[in-house]
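Before any comments, here is the structure.
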Amino acid sequence: MTFMELARNRFSERHFDSRPVEEEKLQRILEAGRIAPTACNYQPQRIYVIRSKAAMEKAKATRASLYGCPVVLLVCYDSETVWRNPGDRCYENYNAGEQDASIVAASMMFEAEELGVHSLWIRGFDSKDVIDAFDLPANHVPVMMLALGYPGEKSHAAHLHAKRKPMEETVREL
(Lines give C-alpha, C1' and ligand atoms only; values in the text may rest on other atoms or scores of the structure.)
Protein backbone atom coordinates (compact mmCIF):
# COMPACT_ATOMS: atom_id res chain seq x y z
CA MET A 1 0.00 0.00 0.00
CA THR A 2 1.35 3.43 -0.90
CA PHE A 3 1.33 6.28 1.58
CA MET A 4 -1.44 8.03 -0.37
CA GLU A 5 -3.61 4.89 -0.19
CA LEU A 6 -2.87 4.63 3.52
CA ALA A 7 -3.77 8.29 4.09
CA ARG A 8 -7.01 7.98 2.10
CA ASN A 9 -8.08 4.75 3.81
CA ARG A 10 -7.42 5.86 7.39
CA PHE A 11 -10.44 7.21 9.25
CA SER A 12 -11.36 8.13 12.82
CA GLU A 13 -12.52 4.91 14.48
CA ARG A 14 -15.49 5.25 16.81
CA HIS A 15 -16.42 1.57 17.11
CA PHE A 16 -13.48 -0.27 18.65
CA ASP A 17 -13.36 -3.98 19.35
CA SER A 18 -12.18 -4.91 22.86
CA ARG A 19 -9.22 -6.98 21.54
CA PRO A 20 -5.92 -5.72 22.96
CA VAL A 21 -3.27 -4.35 20.63
CA GLU A 22 -0.32 -6.73 20.52
CA GLU A 23 2.79 -5.49 22.33
CA GLU A 24 4.94 -5.80 19.18
CA LYS A 25 2.56 -3.58 17.24
CA LEU A 26 2.32 -1.06 20.07
CA GLN A 27 6.11 -0.85 20.20
CA ARG A 28 6.26 -0.21 16.43
CA ILE A 29 3.66 2.54 16.79
CA LEU A 30 5.64 4.12 19.62
CA GLU A 31 8.84 3.85 17.56
CA ALA A 32 7.15 5.76 14.73
CA GLY A 33 6.57 8.55 17.25
CA ARG A 34 10.11 8.35 18.58
CA ILE A 35 11.66 8.87 15.14
CA ALA A 36 9.22 11.56 13.99
CA PRO A 37 10.71 14.94 13.09
CA THR A 38 10.60 17.72 15.69
CA ALA A 39 11.82 21.33 15.62
CA CYS A 40 15.64 21.35 15.85
CA ASN A 41 15.32 17.66 16.80
CA TYR A 42 14.70 18.65 20.43
CA GLN A 43 12.27 15.71 20.78
CA PRO A 44 10.04 17.29 23.45
CA GLN A 45 7.32 14.64 23.07
CA ARG A 46 6.32 12.76 26.18
CA ILE A 47 3.97 9.85 25.55
CA TYR A 48 2.03 8.06 28.25
CA VAL A 49 0.58 4.62 27.50
CA ILE A 50 -2.84 4.18 29.08
CA ARG A 51 -4.20 0.62 29.07
CA SER A 52 -4.69 -0.68 32.61
CA LYS A 53 -8.25 -0.66 33.88
CA ALA A 54 -7.40 2.01 36.47
CA ALA A 55 -5.66 4.25 33.93
CA MET A 56 -8.52 3.87 31.43
CA GLU A 57 -10.99 4.91 34.15
CA LYS A 58 -8.90 8.01 34.80
CA ALA A 59 -8.87 8.80 31.07
CA LYS A 60 -12.65 8.44 30.89
CA ALA A 61 -13.00 10.75 33.89
CA THR A 62 -11.38 13.55 31.84
CA ARG A 63 -14.49 13.57 29.62
CA ALA A 64 -12.50 12.16 26.69
CA SER A 65 -14.61 9.93 24.43
CA LEU A 66 -12.66 6.68 24.10
CA TYR A 67 -15.26 4.58 22.25
CA GLY A 68 -14.21 1.35 23.95
CA CYS A 69 -10.62 1.34 22.73
CA PRO A 70 -8.19 -0.95 24.59
CA VAL A 71 -5.24 1.48 24.64
CA VAL A 72 -4.74 5.24 24.59
CA LEU A 73 -1.56 7.19 23.98
CA LEU A 74 -1.55 10.51 25.82
CA VAL A 75 0.72 12.75 23.78
CA CYS A 76 2.29 15.67 25.62
CA TYR A 77 5.28 17.92 25.17
CA ASP A 78 7.87 18.99 27.70
CA SER A 79 7.70 22.78 27.95
CA GLU A 80 11.27 22.87 29.29
CA THR A 81 12.69 20.95 26.31
CA VAL A 82 10.69 22.46 23.46
CA TRP A 83 12.27 24.67 20.77
CA ARG A 84 11.36 28.34 21.07
CA ASN A 85 11.58 31.21 18.62
CA PRO A 86 12.16 34.36 20.65
CA GLY A 87 12.46 36.41 17.45
CA ASP A 88 8.87 35.85 16.28
CA ARG A 89 7.22 39.27 16.24
CA CYS A 90 3.65 37.94 16.07
CA TYR A 91 3.85 35.24 18.75
CA GLU A 92 6.03 36.21 21.68
CA ASN A 93 8.50 33.43 22.48
CA TYR A 94 6.68 31.02 20.13
CA ASN A 95 7.23 27.37 21.00
CA ALA A 96 6.88 24.38 18.70
CA GLY A 97 5.48 21.99 21.32
CA GLU A 98 2.02 21.47 19.87
CA GLN A 99 3.28 21.08 16.33
CA ASP A 100 5.99 18.64 17.44
CA ALA A 101 3.49 16.58 19.42
CA SER A 102 1.07 16.65 16.48
CA ILE A 103 3.73 15.41 14.04
CA VAL A 104 4.59 12.63 16.49
CA ALA A 105 0.92 11.69 16.88
CA ALA A 106 0.31 11.71 13.12
CA SER A 107 3.35 9.46 12.57
CA MET A 108 2.03 7.00 15.15
CA MET A 109 -1.47 7.19 13.67
CA PHE A 110 -0.24 6.26 10.18
CA GLU A 111 2.01 3.47 11.49
CA ALA A 112 -0.98 2.07 13.38
CA GLU A 113 -3.04 2.12 10.18
CA GLU A 114 -0.30 0.30 8.29
CA LEU A 115 -0.39 -2.40 11.00
CA GLY A 116 -4.19 -2.75 10.78
CA VAL A 117 -4.74 -0.92 14.06
CA HIS A 118 -7.35 1.82 13.88
CA SER A 119 -7.05 5.13 15.70
CA LEU A 120 -8.95 8.16 16.87
CA TRP A 121 -7.40 11.59 17.46
CA ILE A 122 -8.99 12.92 20.66
CA ARG A 123 -8.90 16.50 21.90
CA GLY A 124 -12.29 16.70 23.59
CA PHE A 125 -10.92 16.93 27.12
CA ASP A 126 -9.95 19.59 29.61
CA SER A 127 -6.16 19.68 29.99
CA LYS A 128 -6.40 20.44 33.72
CA ASP A 129 -8.49 17.28 34.20
CA VAL A 130 -5.82 15.23 32.41
CA ILE A 131 -2.97 16.80 34.38
CA ASP A 132 -4.79 16.14 37.66
CA ALA A 133 -5.97 12.62 36.78
CA PHE A 134 -2.50 11.41 35.84
CA ASP A 135 -0.51 13.68 38.17
CA LEU A 136 1.59 14.89 35.24
CA PRO A 137 4.69 16.96 35.85
CA ALA A 138 3.99 20.69 35.53
CA ASN A 139 6.17 20.90 32.40
CA HIS A 140 4.29 18.12 30.52
CA VAL A 141 1.60 19.79 28.43
CA PRO A 142 -1.20 17.49 27.15
CA VAL A 143 -1.85 17.97 23.44
CA MET A 144 -4.05 15.05 22.48
CA MET A 145 -4.92 11.42 23.08
CA LEU A 146 -4.60 8.77 20.40
CA ALA A 147 -7.08 5.93 20.92
CA LEU A 148 -5.85 2.67 19.39
CA GLY A 149 -7.51 -0.65 18.71
CA TYR A 150 -9.11 -2.93 16.20
CA PRO A 151 -12.32 -2.04 14.41
CA GLY A 152 -15.53 -3.39 15.87
CA GLU A 153 -18.52 -4.79 13.99
CA LYS A 154 -20.04 -1.35 13.43
CA SER A 155 -16.80 0.19 12.17
CA HIS A 156 -17.23 2.69 9.35
CA ALA A 157 -15.88 6.02 8.20
CA ALA A 158 -17.92 9.09 9.11
CA HIS A 159 -20.16 10.33 6.32
CA LEU A 160 -17.92 13.36 5.69
CA HIS A 161 -14.66 11.36 5.71
CA ALA A 162 -14.01 11.45 1.97
CA LYS A 163 -15.29 14.99 1.43
CA ARG A 164 -12.36 17.27 0.65
CA LYS A 165 -12.19 20.86 -0.49
CA PRO A 166 -10.70 21.38 -3.94
CA MET A 167 -6.93 21.96 -4.02
CA GLU A 168 -7.48 25.49 -5.36
CA GLU A 169 -9.30 26.39 -2.16
CA THR A 170 -6.57 25.24 0.20
CA VAL A 171 -3.31 25.81 -1.71
CA ARG A 172 -1.88 29.01 -3.18
CA GLU A 173 1.46 29.67 -4.76
CA LEU A 174 3.15 32.87 -3.62
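So you can find residues: chains in the C-alpha coordinates are A, B, ... in the order shown, residues in each start at 1, and ligands are numbered from 1 in order.
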Query - Residue list (strand (DSSP E), DSSP) for chain A, as a ChimeraX atom specification - result: /A:45-50,71-78,84-85,94-95,118-122,140-149
Query - Ala101 of chain A environment, 9 Å, only C-alpha atoms, sequence neighbours closer than 5 positions dropped, as a PyMOL selection string - result: chain A and resi 33+38+43-46+75-77+96+106+143-144
Report summary line: From the list A:Asp132, A:Glu98, A:Glu92, A:Glu153, the nearest residue to Glu13 of chain A using only C-alpha atoms is A:Glu153
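Here atom CA of Arg89 of chain A is placed at a distance of 27.4 Å from atom CA of Ser127 of chain A.
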Query raised in the report: Given the choices A:Gly68, A:Pro151, A:Pro86, A:Pro37, which gets closest to Gln99 of chain A if the distance is worked out from only C-alpha atoms?
Result: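 Looking only at the distances to Gln99 of chain A, the closest residue turns out to be A:Pro37.
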**Report entry** Neighbour list for Ile35 of chain A as a PyMOL selection string, cut-off 12 Å, only C-alpha atoms, skip fewer than 4 positions in-chain
**Finding:** chain A and resi 28-31+41-45+100+103-108+111
How about saving the chosen residues, all heavy atoms kept, as a short mmCIF file (atom, residue, chain, number, x, y, z; two decimals), in the first residue's frame?
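Output saved as selection_28.cif:
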```
data_model
loop_
_atom_site.label_atom_id
_atom_site.label_comp_id
_atom_site.auth_asym_id
_atom_site.auth_seq_id
_atom_site.Cartn_x
_atom_site.Cartn_y
_atom_site.Cartn_z
N ARG A 28 5.99 -0.80 17.76
CA ARG A 28 6.26 -0.21 16.43
C ARG A 28 5.58 1.14 16.29
O ARG A 28 6.14 2.07 15.71
CB ARG A 28 5.78 -1.15 15.32
CG ARG A 28 6.77 -2.30 15.09
CD ARG A 28 6.47 -3.13 13.89
NE ARG A 28 6.33 -2.35 12.66
CZ ARG A 28 5.96 -2.87 11.51
NH1 ARG A 28 5.70 -4.16 11.42
NH2 ARG A 28 5.85 -2.11 10.43
N ILE A 29 4.38 1.25 16.82
CA ILE A 29 3.66 2.54 16.79
C ILE A 29 4.42 3.58 17.60
O ILE A 29 4.63 4.72 17.14
CB ILE A 29 2.21 2.34 17.30
CG1 ILE A 29 1.42 1.48 16.31
CG2 ILE A 29 1.53 3.68 17.54
CD1 ILE A 29 0.12 0.91 16.87
N LEU A 30 4.88 3.20 18.78
CA LEU A 30 5.64 4.12 19.62
C LEU A 30 6.98 4.50 18.97
O LEU A 30 7.42 5.65 19.07
CB LEU A 30 5.88 3.51 21.01
CG LEU A 30 4.61 3.36 21.86
CD1 LEU A 30 4.88 2.47 23.07
CD2 LEU A 30 4.09 4.72 22.29
N GLU A 31 7.59 3.56 18.28
CA GLU A 31 8.84 3.85 17.56
C GLU A 31 8.61 4.86 16.46
O GLU A 31 9.45 5.74 16.22
CB GLU A 31 9.44 2.54 17.00
CG GLU A 31 10.69 2.73 16.17
CD GLU A 31 11.92 3.21 16.95
OE1 GLU A 31 11.87 3.32 18.19
OE2 GLU A 31 12.95 3.49 16.30
N ASN A 41 15.15 19.01 16.25
CA ASN A 41 15.32 17.66 16.80
C ASN A 41 15.40 17.67 18.33
O ASN A 41 16.07 16.84 18.93
CB ASN A 41 16.55 16.95 16.20
CG ASN A 41 16.49 15.45 16.38
OD1 ASN A 41 15.41 14.86 16.44
ND2 ASN A 41 17.64 14.82 16.49
N TYR A 42 14.70 18.58 18.97
CA TYR A 42 14.70 18.65 20.43
C TYR A 42 13.92 17.50 21.07
O TYR A 42 14.09 17.22 22.25
CB TYR A 42 14.11 19.98 20.91
CG TYR A 42 15.06 21.16 20.85
CD1 TYR A 42 16.21 21.15 20.08
CD2 TYR A 42 14.78 22.29 21.58
CE1 TYR A 42 17.05 22.24 20.03
CE2 TYR A 42 15.61 23.40 21.56
CZ TYR A 42 16.75 23.36 20.78
OH TYR A 42 17.58 24.46 20.74
N GLN A 43 13.03 16.88 20.32
CA GLN A 43 12.27 15.71 20.78
C GLN A 43 11.57 15.96 22.12
O GLN A 43 11.78 15.23 23.09
CB GLN A 43 13.18 14.48 20.86
CG GLN A 43 13.84 14.16 19.53
CD GLN A 43 14.86 13.06 19.63
OE1 GLN A 43 14.60 12.02 20.22
NE2 GLN A 43 16.04 13.29 19.06
N PRO A 44 10.70 16.97 22.18
CA PRO A 44 10.04 17.29 23.45
C PRO A 44 8.84 16.39 23.76
O PRO A 44 8.22 16.54 24.81
CB PRO A 44 9.57 18.72 23.23
CG PRO A 44 9.23 18.75 21.78
CD PRO A 44 10.31 17.92 21.13
N GLN A 45 8.50 15.47 22.85
CA GLN A 45 7.32 14.64 23.07
C GLN A 45 7.49 13.76 24.30
O GLN A 45 8.55 13.23 24.57
CB GLN A 45 6.99 13.78 21.84
CG GLN A 45 7.98 12.65 21.55
CD GLN A 45 9.10 13.06 20.61
OE1 GLN A 45 9.47 14.21 20.50
NE2 GLN A 45 9.66 12.08 19.91
N ASP A 100 5.16 19.83 17.28
CA ASP A 100 5.99 18.64 17.44
C ASP A 100 5.16 17.45 17.89
O ASP A 100 5.25 16.35 17.33
CB ASP A 100 7.12 18.88 18.44
CG ASP A 100 8.23 19.78 17.91
OD1 ASP A 100 8.30 19.99 16.68
OD2 ASP A 100 9.02 20.28 18.72
N ILE A 103 2.98 16.20 15.03
CA ILE A 103 3.73 15.41 14.04
C ILE A 103 3.98 14.00 14.58
O ILE A 103 3.82 13.01 13.87
CB ILE A 103 5.05 16.10 13.66
CG1 ILE A 103 4.77 17.39 12.90
CG2 ILE A 103 5.94 15.18 12.84
CD1 ILE A 103 5.98 18.30 12.74
N VAL A 104 4.36 13.93 15.85
CA VAL A 104 4.59 12.63 16.49
C VAL A 104 3.31 11.80 16.47
O VAL A 104 3.33 10.61 16.10
CB VAL A 104 5.10 12.84 17.94
CG1 VAL A 104 5.02 11.56 18.76
CG2 VAL A 104 6.53 13.39 17.92
N ALA A 105 2.20 12.41 16.85
CA ALA A 105 0.92 11.69 16.88
C ALA A 105 0.51 11.23 15.48
O ALA A 105 0.04 10.10 15.31
CB ALA A 105 -0.16 12.57 17.50
N ALA A 106 0.68 12.09 14.49
CA ALA A 106 0.31 11.71 13.12
C ALA A 106 1.18 10.54 12.64
O ALA A 106 0.68 9.62 11.99
CB ALA A 106 0.45 12.91 12.18
N SER A 107 2.46 10.57 12.96
CA SER A 107 3.35 9.46 12.57
C SER A 107 2.89 8.16 13.20
O SER A 107 2.85 7.12 12.53
CB SER A 107 4.79 9.77 12.99
OG SER A 107 5.29 10.87 12.28
N MET A 108 2.51 8.21 14.47
CA MET A 108 2.03 7.00 15.15
C MET A 108 0.69 6.54 14.56
O MET A 108 0.45 5.34 14.41
CB MET A 108 1.91 7.24 16.65
CG MET A 108 3.26 7.44 17.32
SD MET A 108 3.21 7.48 19.13
CE MET A 108 2.15 8.88 19.46
N GLU A 111 1.39 4.77 11.25
CA GLU A 111 2.01 3.47 11.49
C GLU A 111 0.97 2.48 11.99
O GLU A 111 0.93 1.32 11.57
CB GLU A 111 3.17 3.58 12.49
CG GLU A 111 3.82 2.24 12.83
CD GLU A 111 4.48 1.53 11.65
OE1 GLU A 111 4.73 2.16 10.61
OE2 GLU A 111 4.76 0.31 11.78
#
```
Query raised in the report: Suppose you want the space between atom CA of Val49 of chain A and atom CA of Cys69 of chain A; what is it in Å?
Result: 12.6 Å
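Between atom CA of Ala138 of chain A and atom CA of Gln27 of chain A the interatomic distance comes to 26.5 Å.
You can rank A:Leu174, A:Leu120, A:Val130, A:Ala7 by their closest distance to Lys60 of chain A using only C-alpha atoms, and at the top of that list sits A:Val130.
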